[in-house]
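Below is one structure, written out as structure tokens; comments come after it.
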Amino acid sequence: MEIVLLHGNSSSSRCWRRVAASDVLRAHELVAIDLPGHGGGPYAAHADYSLRGLACSVAGLLQARPPGPRVVVGWSLGGHVALEAAAAIPGLLGLVLIGAPPTGFPVSGFRAMPAAATCLEPPAHQVREHIEALCRDESARLLFHEDFALADPRVRDGVARCIASGDFSDEIEIVRGPLPIAAIVGADDPLVDIDHLRSVPWGHLWGGRVHLIDGALHAPQCDAPLEVASLLSGFVASIRPASSSPSEGSPP
């Protein structure tokens, strides 16, 4: 099974490195994508950094890959991009949303929005506060600092304008549908409203519940990579074709 990994705002595909190294996912093909405006330049002069623009880029990349079943895993901004792109992704069997509460307009589901995530050039103390809310792992924080500096600042402005204007699909309606979805969040996430996540009218929520990662902040793939990898493995097993054993996909 192909597992596509989408990172968050002003981050990069490197945030998945410890999940990707997990033995429990060795049977799958992992594809970690750098979203437009992330991972280092040069960046296009007239890039579309709206949610629709980012989603179109992801869908186009996956449409160009060999056909086959796939799961898309989106963390934070990556989860919202995955929801926006879902209808255009070939072979999509399910979504995993990590720290990405589905929302309509006006926006709901967030306890806070760090100033650095919406500014073109935030001051150093705001960047530090933003990264401290992501994870406790010091090595991951260093990577987040590097990736923030490498990201195109216009991404933050473009996404913020898109969200403020409501120029995105109604995510609540998307998750009401039949597509299997796993919802994962750090139990100590300072940014996501976990009660909102639990109240979302999910159409096909894996395990019938939101999966909390104890001790993790907004980026549980950094604070608890083995637990996240185990959840991804269980979700993928649960949506495989009928040839899989029925007990494989039971959520832990």
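In the structure tokens, the first chain shown is A, the next is B, and so on; residue numbers restart at 1 for each chain, and ligands run from 1 in the order shown.
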
* Asked: Could you pull the residues within 9 Å of Trp16 of chain A, counting only C-alpha atoms, minus those fewer than 2 positions along the same chain, as a list in words?
  ->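 Close residues of Trp16 of chain A: Leu5, Leu6, His7, Ser12, Ser13, Arg14, Arg18, Val19, Ala20, Ala21, Ala32, Gln221, Cys222 and Pro225 of chain A.
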
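In this model, the gap between atom CA of Ile172 of chain A and atom CA of Gly104 of chain A comes to 6.0 Å.
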
* Asked: What lies within 8 Å of Gly41 of chain A using only C-alpha atoms, ignoring chain neighbours under 4 positions off, as number ranges by chain?
  -> A: 37, 150-152

Write out, as a JSON list (two decimals), in the first residue's frame, the residues just selected, with N, CA, C and O atoms.
[["chain", "number", "residue", "atom", "x", "y", "z"],
["A", 37, "GLY", "N", 6.31, 25.62, -1.83],
["A", 37, "GLY", "CA", 6.73, 26.66, -0.91],
["A", 37, "GLY", "C", 7.47, 26.15, 0.31],
["A", 37, "GLY", "O", 7.77, 26.92, 1.23],
["A", 150, "LEU", "N", 13.52, 27.95, 5.84],
["A", 150, "LEU", "CA", 13.61, 27.58, 4.43],
["A", 150, "LEU", "C", 12.31, 27.80, 3.67],
["A", 150, "LEU", "O", 12.30, 27.93, 2.44],
["A", 151, "ALA", "N", 11.18, 27.82, 4.38],
["A", 151, "ALA", "CA", 9.88, 27.93, 3.72],
["A", 151, "ALA", "C", 9.69, 29.31, 3.10],
["A", 151, "ALA", "O", 10.20, 30.32, 3.60],
["A", 152, "ASP", "N", 8.94, 29.35, 2.02],
["A", 152, "ASP", "CA", 8.58, 30.61, 1.38],
["A", 152, "ASP", "C", 7.62, 31.35, 2.31],
["A", 152, "ASP", "O", 6.53, 30.84, 2.60]]

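Selecting strand (DSSP E) from the backbone DSSP output for segment 59-234 of chain A yields Arg70, Val71, Val72, Val73, Gly74, Trp75, Leu92, Leu93, Gly94, Leu95, Val96, Leu97, Ile98, Ile181, Ala182, Ala183, Ile184, Val185, Gly186, His211, Leu212 and Ile213 of chain A.
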
Using the selection just defined, write its residues with C-alpha atoms as a PDB file, in the first residue's frame.
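Printed below is part-v6.pdb as written:
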ATOM      1  CA  ARG A  70      -3.134   4.634  -1.388  1.00  0.00           C
ATOM      2  CA  VAL A  71      -3.745   6.276   1.956  1.00  0.00           C
ATOM      3  CA  VAL A  72      -2.980   9.949   2.513  1.00  0.00           C
ATOM      4  CA  VAL A  73      -1.757  11.091   5.920  1.00  0.00           C
ATOM      5  CA  GLY A  74      -1.933  14.820   6.596  1.00  0.00           C
ATOM      6  CA  TRP A  75      -0.508  16.584   9.625  1.00  0.00           C
ATOM      7  CA  LEU A  92      -7.606   6.853  -2.398  1.00  0.00           C
ATOM      8  CA  LEU A  93      -8.809   4.314   0.181  1.00  0.00           C
ATOM      9  CA  GLY A  94      -8.638   6.470   3.298  1.00  0.00           C
ATOM     10  CA  LEU A  95      -7.305   9.545   5.059  1.00  0.00           C
ATOM     11  CA  VAL A  96      -5.425   9.988   8.312  1.00  0.00           C
ATOM     12  CA  LEU A  97      -5.766  13.438   9.897  1.00  0.00           C
ATOM     13  CA  ILE A  98      -3.175  14.292  12.548  1.00  0.00           C
ATOM     14  CA  ILE A 181     -10.798   8.432   8.147  1.00  0.00           C
ATOM     15  CA  ALA A 182      -8.517   8.061  11.159  1.00  0.00           C
ATOM     16  CA  ALA A 183      -8.285  11.059  13.482  1.00  0.00           C
ATOM     17  CA  ILE A 184      -5.145  11.367  15.629  1.00  0.00           C
ATOM     18  CA  VAL A 185      -4.151  14.180  17.976  1.00  0.00           C
ATOM     19  CA  GLY A 186      -1.619  14.766  20.728  1.00  0.00           C
ATOM     20  CA  HIS A 211      -7.038   8.559  18.916  1.00  0.00           C
ATOM     21  CA  LEU A 212      -5.130  10.514  21.560  1.00  0.00           C
ATOM     22  CA  ILE A 213      -1.342  10.246  21.838  1.00  0.00           C
TER      23      ILE A 213
END

* **All residues 10 Å or closer to His130 of chain A, only C-alpha atoms, same chain fewer than 4 positions away omitted, as a PyMOL selection string** => chain A and resi 113-117+124-126+134-135+144-145+191

* Counting only C-alpha atoms, what is within 7 Å of Ser10 of chain A, bar same-chain residues fewer than 5 positions away, as a ChimeraX atom specification? -> /A:38,147-148,151

Just the selected residues (all heavy atoms), exported as a PDB file, in the first residue's frame, please.
ATOM      1  N   HIS A  38       7.785  24.870   0.334  1.00  0.00           N
ATOM      2  CA  HIS A  38       8.437  24.260   1.487  1.00  0.00           C
ATOM      3  C   HIS A  38       9.652  23.436   1.039  1.00  0.00           C
ATOM      4  O   HIS A  38       9.717  22.982  -0.095  1.00  0.00           O
ATOM      5  CB  HIS A  38       7.475  23.337   2.231  1.00  0.00           C
ATOM      6  CG  HIS A  38       6.289  24.033   2.819  1.00  0.00           C
ATOM      7  ND1 HIS A  38       5.174  24.353   2.072  1.00  0.00           N
ATOM      8  CD2 HIS A  38       6.041  24.468   4.080  1.00  0.00           C
ATOM      9  CE1 HIS A  38       4.285  24.956   2.861  1.00  0.00           C
ATOM     10  NE2 HIS A  38       4.789  25.038   4.074  1.00  0.00           N
ATOM     11  N   ASP A 147      13.423  24.310   8.899  1.00  0.00           N
ATOM     12  CA  ASP A 147      12.396  24.275   7.856  1.00  0.00           C
ATOM     13  C   ASP A 147      11.589  25.563   7.801  1.00  0.00           C
ATOM     14  O   ASP A 147      11.177  26.007   6.717  1.00  0.00           O
ATOM     15  CB  ASP A 147      11.468  23.081   8.073  1.00  0.00           C
ATOM     16  CG  ASP A 147      12.120  21.759   7.735  1.00  0.00           C
ATOM     17  OD1 ASP A 147      13.114  21.776   6.981  1.00  0.00           O
ATOM     18  OD2 ASP A 147      11.647  20.713   8.203  1.00  0.00           O
ATOM     19  N   PHE A 148      11.345  26.162   8.975  1.00  0.00           N
ATOM     20  CA  PHE A 148      10.619  27.432   8.998  1.00  0.00           C
ATOM     21  C   PHE A 148      11.391  28.486   8.216  1.00  0.00           C
ATOM     22  O   PHE A 148      10.822  29.252   7.435  1.00  0.00           O
ATOM     23  CB  PHE A 148      10.393  27.889  10.444  1.00  0.00           C
ATOM     24  CG  PHE A 148       9.353  28.962  10.595  1.00  0.00           C
ATOM     25  CD1 PHE A 148       8.051  28.651  10.932  1.00  0.00           C
ATOM     26  CD2 PHE A 148       9.686  30.304  10.384  1.00  0.00           C
ATOM     27  CE1 PHE A 148       7.087  29.647  11.061  1.00  0.00           C
ATOM     28  CE2 PHE A 148       8.743  31.299  10.509  1.00  0.00           C
ATOM     29  CZ  PHE A 148       7.436  30.969  10.853  1.00  0.00           C
ATOM     30  N   ALA A 151      11.175  27.818   4.381  1.00  0.00           N
ATOM     31  CA  ALA A 151       9.880  27.930   3.715  1.00  0.00           C
ATOM     32  C   ALA A 151       9.688  29.309   3.099  1.00  0.00           C
ATOM     33  O   ALA A 151      10.196  30.316   3.599  1.00  0.00           O
ATOM     34  CB  ALA A 151       8.761  27.644   4.721  1.00  0.00           C
TER      35      ALA A 151
END

Skip Ser199 of chain A itself and residues of its chain fewer than 5 positions away, then list as an mmCIF file with C-alpha atoms, in the first residue's frame all residues within 10 Å of it, counting only C-alpha atoms.
data_model
loop_
_atom_site.group_PDB
_atom_site.id
_atom_site.type_symbol
_atom_site.label_atom_id
_atom_site.label_comp_id
_atom_site.auth_asym_id
_atom_site.auth_seq_id
_atom_site.Cartn_x
_atom_site.Cartn_y
_atom_site.Cartn_z
ATOM 1 C CA GLY A 109 -11.716 23.466 15.963
ATOM 2 C CA ILE A 194 -10.105 17.987 21.093
ATOM 3 C CA VAL A 210 -10.413 10.111 18.046
#

* **Surrounding residues of segment 46-58 of chain A excluding itself and chain neighbours under 5 positions, 6 Å, only C-alpha atoms, as a ChimeraX atom specification** => /A:81,84-85,155,158-159,162
